[in-house]
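Participant: Next up, final17.txt (compact mmCIF, N, CA and C atoms).
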# COMPACT_ATOMS: atom_id res chain seq x y z
N MET A 1 36.12 -34.95 27.98
CA MET A 1 37.49 -35.29 27.65
C MET A 1 38.06 -36.14 28.78
N ILE A 2 38.76 -37.20 28.38
CA ILE A 2 39.39 -38.10 29.36
C ILE A 2 40.87 -37.74 29.49
N LEU A 3 41.30 -37.57 30.72
CA LEU A 3 42.70 -37.24 31.00
C LEU A 3 43.49 -38.53 31.18
N ASP A 4 44.47 -38.73 30.33
CA ASP A 4 45.34 -39.91 30.39
C ASP A 4 46.35 -39.77 31.53
N THR A 5 46.96 -40.86 31.87
CA THR A 5 47.93 -40.91 32.94
C THR A 5 49.07 -39.91 32.74
N THR A 6 49.58 -39.80 31.52
CA THR A 6 50.69 -38.88 31.28
C THR A 6 50.29 -37.44 31.60
N TYR A 7 49.06 -37.08 31.23
CA TYR A 7 48.59 -35.72 31.50
C TYR A 7 48.43 -35.50 33.00
N VAL A 8 47.81 -36.44 33.68
CA VAL A 8 47.58 -36.30 35.12
C VAL A 8 48.92 -36.15 35.86
N ILE A 9 49.89 -36.96 35.52
CA ILE A 9 51.21 -36.88 36.17
C ILE A 9 51.86 -35.53 35.89
N ASP A 10 51.81 -35.09 34.63
CA ASP A 10 52.41 -33.80 34.29
C ASP A 10 51.70 -32.66 35.02
N LEU A 11 50.39 -32.75 35.15
CA LEU A 11 49.63 -31.72 35.86
C LEU A 11 50.02 -31.68 37.33
N ILE A 12 50.13 -32.83 37.95
CA ILE A 12 50.51 -32.91 39.37
C ILE A 12 51.91 -32.33 39.58
N ARG A 13 52.78 -32.58 38.64
CA ARG A 13 54.17 -32.08 38.74
C ARG A 13 54.29 -30.61 38.35
N GLY A 14 53.19 -30.02 37.88
CA GLY A 14 53.22 -28.60 37.51
C GLY A 14 53.90 -28.33 36.19
N GLU A 15 53.96 -29.31 35.30
CA GLU A 15 54.58 -29.14 34.00
C GLU A 15 53.81 -28.06 33.24
N LYS A 16 54.55 -27.13 32.66
CA LYS A 16 53.96 -25.93 32.07
C LYS A 16 52.89 -26.24 31.01
N GLY A 17 53.17 -27.15 30.10
CA GLY A 17 52.22 -27.47 29.05
C GLY A 17 50.91 -28.04 29.60
N ALA A 18 51.02 -28.87 30.62
CA ALA A 18 49.83 -29.46 31.23
C ALA A 18 49.01 -28.42 31.98
N VAL A 19 49.70 -27.53 32.70
CA VAL A 19 49.01 -26.49 33.45
C VAL A 19 48.31 -25.52 32.50
N THR A 20 48.99 -25.14 31.43
CA THR A 20 48.39 -24.26 30.42
C THR A 20 47.15 -24.91 29.81
N LYS A 21 47.24 -26.20 29.51
CA LYS A 21 46.10 -26.92 28.94
C LYS A 21 44.95 -26.96 29.94
N ALA A 22 45.24 -27.17 31.21
CA ALA A 22 44.20 -27.20 32.25
C ALA A 22 43.46 -25.86 32.30
N GLU A 23 44.20 -24.77 32.22
CA GLU A 23 43.59 -23.44 32.23
C GLU A 23 42.70 -23.25 31.01
N GLU A 24 43.17 -23.70 29.85
CA GLU A 24 42.41 -23.60 28.61
C GLU A 24 41.10 -24.40 28.71
N LEU A 25 41.19 -25.62 29.21
CA LEU A 25 40.00 -26.47 29.33
C LEU A 25 39.01 -25.89 30.34
N LYS A 26 39.52 -25.31 31.41
CA LYS A 26 38.65 -24.70 32.42
C LYS A 26 37.88 -23.52 31.82
N LYS A 27 38.58 -22.69 31.03
CA LYS A 27 37.94 -21.55 30.38
C LYS A 27 36.83 -22.00 29.44
N LYS A 28 37.05 -23.10 28.74
CA LYS A 28 36.06 -23.63 27.81
C LYS A 28 34.90 -24.32 28.52
N GLY A 29 35.09 -24.64 29.80
CA GLY A 29 34.06 -25.37 30.53
C GLY A 29 33.98 -26.83 30.12
N GLU A 30 35.08 -27.36 29.63
CA GLU A 30 35.14 -28.75 29.15
C GLU A 30 34.97 -29.72 30.32
N PRO A 31 33.99 -30.62 30.25
CA PRO A 31 33.86 -31.64 31.31
C PRO A 31 35.07 -32.58 31.27
N LEU A 32 35.69 -32.78 32.41
CA LEU A 32 36.90 -33.60 32.49
C LEU A 32 36.62 -34.89 33.25
N LEU A 33 37.20 -35.96 32.72
CA LEU A 33 37.08 -37.29 33.30
C LEU A 33 38.46 -37.93 33.31
N THR A 34 38.57 -39.04 33.99
CA THR A 34 39.74 -39.88 33.87
C THR A 34 39.22 -41.32 33.88
N THR A 35 40.12 -42.27 34.04
CA THR A 35 39.72 -43.68 34.09
C THR A 35 40.24 -44.31 35.38
N ALA A 36 39.59 -45.38 35.77
CA ALA A 36 40.06 -46.14 36.94
C ALA A 36 41.48 -46.64 36.70
N VAL A 37 41.82 -46.93 35.47
CA VAL A 37 43.17 -47.40 35.14
C VAL A 37 44.19 -46.30 35.43
N THR A 38 43.87 -45.06 35.08
CA THR A 38 44.76 -43.95 35.36
C THR A 38 44.92 -43.74 36.86
N VAL A 39 43.83 -43.85 37.60
CA VAL A 39 43.92 -43.74 39.06
C VAL A 39 44.91 -44.78 39.58
N PHE A 40 44.78 -46.02 39.13
CA PHE A 40 45.71 -47.08 39.54
C PHE A 40 47.15 -46.73 39.19
N GLU A 41 47.37 -46.32 37.93
CA GLU A 41 48.75 -46.05 37.49
C GLU A 41 49.38 -44.91 38.29
N VAL A 42 48.63 -43.86 38.55
CA VAL A 42 49.18 -42.73 39.28
C VAL A 42 49.43 -43.09 40.74
N VAL A 43 48.45 -43.69 41.39
CA VAL A 43 48.59 -44.02 42.81
C VAL A 43 49.73 -45.01 43.04
N GLN A 44 49.86 -46.02 42.19
CA GLN A 44 50.93 -47.00 42.40
C GLN A 44 52.31 -46.39 42.18
N SER A 45 52.37 -45.25 41.47
CA SER A 45 53.67 -44.62 41.23
C SER A 45 54.09 -43.69 42.36
N LEU A 46 53.27 -43.55 43.39
CA LEU A 46 53.54 -42.60 44.46
C LEU A 46 54.37 -43.16 45.61
N HIS A 47 54.92 -44.34 45.47
CA HIS A 47 55.62 -44.97 46.60
C HIS A 47 56.78 -44.13 47.13
N ARG A 48 57.38 -43.27 46.30
CA ARG A 48 58.48 -42.42 46.77
C ARG A 48 58.09 -40.94 46.82
N ALA A 49 56.82 -40.65 46.67
CA ALA A 49 56.37 -39.25 46.62
C ALA A 49 56.33 -38.62 48.01
N ARG A 50 56.47 -37.32 48.01
CA ARG A 50 56.34 -36.56 49.25
C ARG A 50 54.87 -36.51 49.65
N LYS A 51 54.64 -36.24 50.92
CA LYS A 51 53.28 -36.18 51.46
C LYS A 51 52.43 -35.16 50.70
N GLU A 52 53.02 -34.01 50.36
CA GLU A 52 52.30 -32.96 49.64
C GLU A 52 51.84 -33.43 48.26
N GLU A 53 52.71 -34.16 47.58
CA GLU A 53 52.35 -34.67 46.26
C GLU A 53 51.23 -35.70 46.36
N LYS A 54 51.29 -36.56 47.36
CA LYS A 54 50.22 -37.54 47.57
C LYS A 54 48.90 -36.84 47.84
N GLN A 55 48.96 -35.76 48.61
CA GLN A 55 47.75 -35.00 48.93
C GLN A 55 47.17 -34.35 47.67
N ARG A 56 48.03 -33.78 46.82
CA ARG A 56 47.56 -33.18 45.55
C ARG A 56 46.87 -34.23 44.68
N VAL A 57 47.42 -35.44 44.65
CA VAL A 57 46.83 -36.52 43.86
C VAL A 57 45.43 -36.85 44.39
N GLN A 58 45.32 -36.99 45.69
CA GLN A 58 44.02 -37.32 46.29
C GLN A 58 43.00 -36.22 46.04
N GLU A 59 43.42 -34.97 46.13
CA GLU A 59 42.52 -33.84 45.86
C GLU A 59 42.06 -33.85 44.40
N LEU A 60 42.99 -34.09 43.49
CA LEU A 60 42.64 -34.13 42.08
C LEU A 60 41.63 -35.24 41.80
N PHE A 61 41.91 -36.44 42.29
CA PHE A 61 41.02 -37.57 42.00
C PHE A 61 39.68 -37.45 42.71
N SER A 62 39.63 -36.72 43.82
CA SER A 62 38.33 -36.55 44.48
C SER A 62 37.42 -35.61 43.69
N SER A 63 38.00 -34.80 42.81
CA SER A 63 37.20 -33.86 42.01
C SER A 63 37.04 -34.30 40.56
N LEU A 64 37.58 -35.45 40.21
CA LEU A 64 37.61 -35.89 38.81
C LEU A 64 36.94 -37.26 38.68
N PRO A 65 35.77 -37.32 38.03
CA PRO A 65 35.11 -38.62 37.87
C PRO A 65 36.01 -39.60 37.10
N ALA A 66 36.05 -40.84 37.58
CA ALA A 66 36.85 -41.89 36.94
C ALA A 66 35.93 -42.93 36.32
N LEU A 67 36.03 -43.09 35.02
CA LEU A 67 35.23 -44.10 34.32
C LEU A 67 35.81 -45.48 34.61
N PRO A 68 34.95 -46.47 34.86
CA PRO A 68 35.44 -47.81 35.23
C PRO A 68 35.86 -48.64 34.03
N LEU A 69 36.62 -49.67 34.32
CA LEU A 69 36.92 -50.70 33.33
C LEU A 69 35.89 -51.80 33.56
N ASP A 70 34.80 -51.73 32.80
CA ASP A 70 33.77 -52.76 32.94
C ASP A 70 34.05 -53.90 31.97
N ALA A 71 33.19 -54.90 31.97
CA ALA A 71 33.42 -56.09 31.14
C ALA A 71 33.47 -55.75 29.66
N GLN A 72 32.61 -54.83 29.23
CA GLN A 72 32.59 -54.45 27.81
C GLN A 72 33.90 -53.77 27.41
N ALA A 73 34.37 -52.85 28.24
CA ALA A 73 35.63 -52.16 27.94
C ALA A 73 36.81 -53.13 28.04
N ALA A 74 36.77 -54.05 28.99
CA ALA A 74 37.85 -55.03 29.12
C ALA A 74 37.92 -55.92 27.89
N ASN A 75 36.76 -56.31 27.38
CA ASN A 75 36.71 -57.12 26.16
C ASN A 75 37.29 -56.33 24.98
N GLU A 76 36.88 -55.07 24.86
CA GLU A 76 37.39 -54.25 23.76
C GLU A 76 38.90 -54.02 23.91
N ALA A 77 39.37 -53.83 25.14
CA ALA A 77 40.81 -53.66 25.37
C ALA A 77 41.58 -54.91 24.92
N GLY A 78 41.03 -56.07 25.22
CA GLY A 78 41.66 -57.31 24.79
C GLY A 78 41.73 -57.41 23.28
N GLU A 79 40.66 -57.00 22.61
CA GLU A 79 40.65 -57.02 21.15
C GLU A 79 41.64 -56.02 20.57
N ILE A 80 41.73 -54.85 21.18
CA ILE A 80 42.71 -53.85 20.74
C ILE A 80 44.12 -54.41 20.89
N GLN A 81 44.42 -54.98 22.05
CA GLN A 81 45.75 -55.54 22.30
C GLN A 81 46.07 -56.65 21.31
N GLN A 82 45.11 -57.52 21.08
CA GLN A 82 45.32 -58.62 20.13
C GLN A 82 45.62 -58.09 18.73
N GLY A 83 44.85 -57.11 18.29
CA GLY A 83 45.06 -56.53 16.96
C GLY A 83 46.41 -55.85 16.84
N LEU A 84 46.82 -55.16 17.88
CA LEU A 84 48.12 -54.49 17.84
C LEU A 84 49.27 -55.48 17.87
N TRP A 85 49.11 -56.56 18.63
CA TRP A 85 50.14 -57.62 18.62
C TRP A 85 50.26 -58.22 17.24
N GLN A 86 49.11 -58.48 16.61
CA GLN A 86 49.13 -59.09 15.27
C GLN A 86 49.76 -58.17 14.24
N SER A 87 49.62 -56.86 14.42
CA SER A 87 50.22 -55.91 13.48
C SER A 87 51.67 -55.60 13.82
N GLY A 88 52.16 -56.18 14.93
CA GLY A 88 53.54 -55.97 15.33
C GLY A 88 53.78 -54.62 16.00
N GLN A 89 52.71 -53.99 16.50
CA GLN A 89 52.84 -52.69 17.13
C GLN A 89 52.12 -52.64 18.48
N PRO A 90 52.43 -53.57 19.38
CA PRO A 90 51.72 -53.59 20.65
C PRO A 90 52.02 -52.36 21.52
N ILE A 91 51.09 -52.05 22.40
CA ILE A 91 51.28 -51.01 23.40
C ILE A 91 51.01 -51.64 24.76
N GLU A 92 51.26 -50.89 25.81
CA GLU A 92 51.05 -51.41 27.16
C GLU A 92 49.59 -51.82 27.37
N PRO A 93 49.35 -52.90 28.10
CA PRO A 93 47.96 -53.32 28.37
C PRO A 93 47.13 -52.21 29.02
N GLN A 94 47.74 -51.43 29.93
CA GLN A 94 47.00 -50.34 30.57
C GLN A 94 46.54 -49.31 29.54
N ASP A 95 47.37 -49.05 28.53
CA ASP A 95 46.98 -48.10 27.49
C ASP A 95 45.83 -48.66 26.66
N CYS A 96 45.82 -49.96 26.42
CA CYS A 96 44.69 -50.57 25.71
C CYS A 96 43.41 -50.41 26.52
N MET A 97 43.51 -50.57 27.84
CA MET A 97 42.34 -50.42 28.70
C MET A 97 41.83 -48.98 28.68
N ILE A 98 42.73 -48.02 28.79
CA ILE A 98 42.35 -46.61 28.75
C ILE A 98 41.72 -46.28 27.41
N ALA A 99 42.31 -46.76 26.32
CA ALA A 99 41.76 -46.51 24.99
C ALA A 99 40.36 -47.09 24.85
N ALA A 100 40.17 -48.29 25.34
CA ALA A 100 38.86 -48.93 25.24
C ALA A 100 37.81 -48.16 26.03
N ILE A 101 38.16 -47.68 27.21
CA ILE A 101 37.23 -46.89 28.01
C ILE A 101 36.88 -45.60 27.25
N ALA A 102 37.87 -44.95 26.65
CA ALA A 102 37.61 -43.72 25.90
C ALA A 102 36.73 -44.00 24.68
N LEU A 103 36.99 -45.09 23.99
CA LEU A 103 36.17 -45.45 22.84
C LEU A 103 34.73 -45.73 23.27
N GLN A 104 34.57 -46.48 24.34
CA GLN A 104 33.24 -46.82 24.84
C GLN A 104 32.47 -45.56 25.25
N ALA A 105 33.16 -44.59 25.85
CA ALA A 105 32.53 -43.36 26.30
C ALA A 105 32.40 -42.32 25.19
N ARG A 106 33.01 -42.63 24.04
CA ARG A 106 33.03 -41.70 22.90
C ARG A 106 33.60 -40.34 23.31
N GLU A 107 34.73 -40.40 24.00
CA GLU A 107 35.39 -39.20 24.50
C GLU A 107 36.77 -39.06 23.86
N ILE A 108 37.25 -37.84 23.80
CA ILE A 108 38.61 -37.55 23.36
C ILE A 108 39.55 -37.87 24.52
N LEU A 109 40.71 -38.42 24.19
CA LEU A 109 41.72 -38.75 25.20
C LEU A 109 42.84 -37.71 25.12
N LEU A 110 43.07 -37.00 26.22
CA LEU A 110 44.14 -36.01 26.30
C LEU A 110 45.39 -36.71 26.82
N THR A 111 46.45 -36.69 26.01
CA THR A 111 47.65 -37.45 26.35
C THR A 111 48.91 -36.81 25.79
N ARG A 112 50.02 -37.12 26.42
CA ARG A 112 51.34 -36.80 25.88
C ARG A 112 51.87 -38.00 25.10
N ASN A 113 51.22 -39.13 25.24
CA ASN A 113 51.67 -40.39 24.66
C ASN A 113 50.94 -40.69 23.34
N ALA A 114 50.86 -39.70 22.47
CA ALA A 114 50.14 -39.88 21.21
C ALA A 114 50.76 -40.97 20.34
N LYS A 115 52.05 -41.14 20.42
CA LYS A 115 52.74 -42.15 19.59
C LYS A 115 52.09 -43.53 19.75
N HIS A 116 51.78 -43.91 20.98
CA HIS A 116 51.15 -45.21 21.21
C HIS A 116 49.67 -45.19 20.89
N PHE A 117 48.97 -44.18 21.37
CA PHE A 117 47.52 -44.16 21.22
C PHE A 117 47.07 -43.98 19.77
N LYS A 118 47.92 -43.41 18.91
CA LYS A 118 47.58 -43.27 17.49
C LYS A 118 47.43 -44.63 16.81
N ARG A 119 47.95 -45.66 17.41
CA ARG A 119 47.86 -47.01 16.85
C ARG A 119 46.48 -47.63 17.03
N VAL A 120 45.66 -47.03 17.88
CA VAL A 120 44.34 -47.60 18.20
C VAL A 120 43.32 -47.05 17.23
N PRO A 121 42.76 -47.90 16.39
CA PRO A 121 41.79 -47.43 15.38
C PRO A 121 40.56 -46.80 16.03
N GLY A 122 40.18 -45.65 15.49
CA GLY A 122 38.96 -44.98 15.92
C GLY A 122 39.08 -44.14 17.18
N LEU A 123 40.24 -44.13 17.82
CA LEU A 123 40.41 -43.38 19.06
C LEU A 123 40.74 -41.92 18.73
N ASN A 124 39.98 -41.01 19.31
CA ASN A 124 40.24 -39.59 19.15
C ASN A 124 41.16 -39.13 20.27
N ILE A 125 42.29 -38.58 19.88
CA ILE A 125 43.25 -38.12 20.87
C ILE A 125 43.56 -36.64 20.66
N GLU A 126 43.99 -36.02 21.73
CA GLU A 126 44.46 -34.64 21.68
C GLU A 126 45.76 -34.59 22.45
N GLU A 127 46.74 -33.92 21.87
CA GLU A 127 48.03 -33.76 22.54
C GLU A 127 48.08 -32.39 23.20
N TYR A 128 48.98 -32.23 24.13
CA TYR A 128 49.16 -30.93 24.78
C TYR A 128 50.62 -30.55 24.76
Would you kindly transcribe this structure into structure tokens?

Facilitator:
Amino acid sequence: MILDTTYVIDLIRGEKGAVTKAEELKKKGEPLLTTAVTVFEVVQSLHRARKEEKQRVQELFSSLPALPLDAQAANEAGEIQQGLWQSGQPIEPQDCMIAAIALQAREILLTRNAKHFKRVPGLNIEEY
């Protein structure tokens, strides 16, 4: 299962739903991943964070494999973005990249942002 940016941020902030989901996934022994795009989004948002929060982020990412945005996923992300623009329902480019990585890895994407990700054909998502 791939952890989306919304989930990672909620987990770091100790949001109850995210913490409960983390406990559930741990009990199941579910392998957890994230993406390089999520690492970027979370780290760039830390400019006003406290030292403790920055440390929690680094600890989380050191224990969580991050799937890369390779050329194949970048190409698929571009196609996803183009299709969504043509249908009049675009989403953020970063979300297209995360979706493409999840599709390429054939993994479920855990997110709070289901409204956007539901627009991506073939993407399996789970909400928390």

Participant: Give me, as a ChimeraX atom specification, all polymer residues having an atom no more than 8 Å from Ile12 (chain A), counting only N, CA and C atoms and skipping those fewer than 6 positions away in the same chain.

Facilitator: /A:6,18-19,53,56-57

Participant: Store the residues picked out above, limited to N, CA and C atoms, as a PDB file, keeping the file's coordinate frame.

Facilitator:
ATOM      1  N   THR A   6      49.580 -39.800  31.520  1.00  0.00           N
ATOM      2  CA  THR A   6      50.690 -38.880  31.280  1.00  0.00           C
ATOM      3  C   THR A   6      50.290 -37.440  31.600  1.00  0.00           C
ATOM      4  N   ALA A  18      51.020 -28.870  30.620  1.00  0.00           N
ATOM      5  CA  ALA A  18      49.830 -29.460  31.230  1.00  0.00           C
ATOM      6  C   ALA A  18      49.010 -28.420  31.980  1.00  0.00           C
ATOM      7  N   VAL A  19      49.700 -27.530  32.700  1.00  0.00           N
ATOM      8  CA  VAL A  19      49.010 -26.490  33.450  1.00  0.00           C
ATOM      9  C   VAL A  19      48.310 -25.520  32.500  1.00  0.00           C
ATOM     10  N   GLU A  53      52.710 -34.160  47.580  1.00  0.00           N
ATOM     11  CA  GLU A  53      52.350 -34.670  46.260  1.00  0.00           C
ATOM     12  C   GLU A  53      51.230 -35.700  46.360  1.00  0.00           C
ATOM     13  N   ARG A  56      48.030 -33.780  46.820  1.00  0.00           N
ATOM     14  CA  ARG A  56      47.560 -33.180  45.550  1.00  0.00           C
ATOM     15  C   ARG A  56      46.870 -34.230  44.680  1.00  0.00           C
ATOM     16  N   VAL A  57      47.420 -35.440  44.650  1.00  0.00           N
ATOM     17  CA  VAL A  57      46.830 -36.520  43.860  1.00  0.00           C
ATOM     18  C   VAL A  57      45.430 -36.850  44.390  1.00  0.00           C
TER      19      VAL A  57
END

Participant: List every residue of chain A that DSSP, applied to the backbone of this structure, assigns to strand (DSSP E or B), and report them as a ChimeraX atom specification.

Facilitator: /A:2-3,33-35,66-67,109-111,125-127

Participant: Mind working out the centre and edge lengths of an axis-aligned box for region 30-41 of chain A, all listed atoms inside, 4 Å added to each side, rounded to one decimal in Å and written as lines of an AutoDock Vina configuration file?

Facilitator:
center_x = 41.6
center_y = -37.4
center_z = 34.4
size_x = 23.5
size_y = 28.0
size_z = 18.4

Participant: Using DSSP assignments from the backbone, pull out every residue in region 18-88 of chain A that falls under helix (DSSP H, G or I) and give it to me as number ranges by chain.

Facilitator: A: 18-28, 36-48, 51-62, 71-86

Participant: What does the structure give for the distance between atom N of Tyr128 (chain A) and atom C of Arg106 (chain A), in Å to one decimal?

Facilitator: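 Taking atom N of Tyr128 (chain A) and atom C of Arg106 (chain A), their separation equals 17.4 Å.
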
Participant: Ranking A:Pro68, A:His47, A:Thr20, A:Glu15 by minimum distance to Thr35 (chain A) and counting all atoms listed in the file, which one comes first?

Facilitator: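 Comparing A:Pro68, A:His47, A:Thr20, A:Glu15 against Thr35 (chain A), the winner is A:Pro68.
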
Participant: Go ahead and compute the interatomic distance for CA of Leu32 (chain A) and CA of Gly17 (chain A), in Å to one decimal.

Facilitator: 16.9 Å

Participant: Using only C-alpha atoms, can you tell me which of A:His116, A:Ala36, A:Pro121, A:Lys21 comes closest to Glu76 (chain A)?

Facilitator: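 Between A:His116, A:Ala36, A:Pro121, A:Lys21, the residue approaching Glu76 (chain A) most closely is A:Pro121.
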
Participant: Quick one: pull the distance between atom N of Ala49 (chain A) and atom C of Val8 (chain A), Å, one decimal.

Facilitator: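 Taking atom N of Ala49 (chain A) as the start and atom C of Val8 (chain A) as the end point, the length is 14.1 Å.
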
Participant: Using only C-alpha atoms, which of the listed residues (A:Glu52, A:Glu59, A:Asp70, A:Glu107) sits closest to Leu123 (chain A)?

Facilitator: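 The shortest atom-to-atom distance to Leu123 (chain A) comes from A:Glu107.
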
Participant: Just want the 6.5 Å neighbourhood of Val37 (chain A), counted on all atoms listed in the file, with same-chain residues fewer than 6 positions away dropped. Output as a count of residues only.

Facilitator: 4

Participant: Identify, on the basis of only C-alpha atoms, every residue whose closest approach to Gln81 (chain A) does not exceed 7 Å; exclude the query and any residue fewer than 4 positions from it along the same chain; express the result as a ChimeraX atom specification.

Facilitator: /A:77,85,90,93,96

Participant: Taking only C-alpha atoms into account, name the residue in A:Leu109, A:Ile80, A:Ala99, A:Met1 that is nearest to Lys26 (chain A).

Facilitator: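 Of A:Leu109, A:Ile80, A:Ala99, A:Met1, the one nearest Lys26 (chain A), counting only C-alpha atoms, is A:Met1.
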
Participant: Would you please work out which residue, of A:Ile108, A:Leu84, A:Lys51, A:Ala114, is nearest to Leu3 (chain A) when using all atoms listed in the file?

Facilitator: A:Ile108

Participant: Here is a test: counting all atoms listed in the file, which residue of A:Val39, A:Leu33, A:Ala73, A:Ile125 is nearest to Ile101 (chain A)?

Facilitator: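 Closest residue, counting all atoms listed in the file: A:Ala73.
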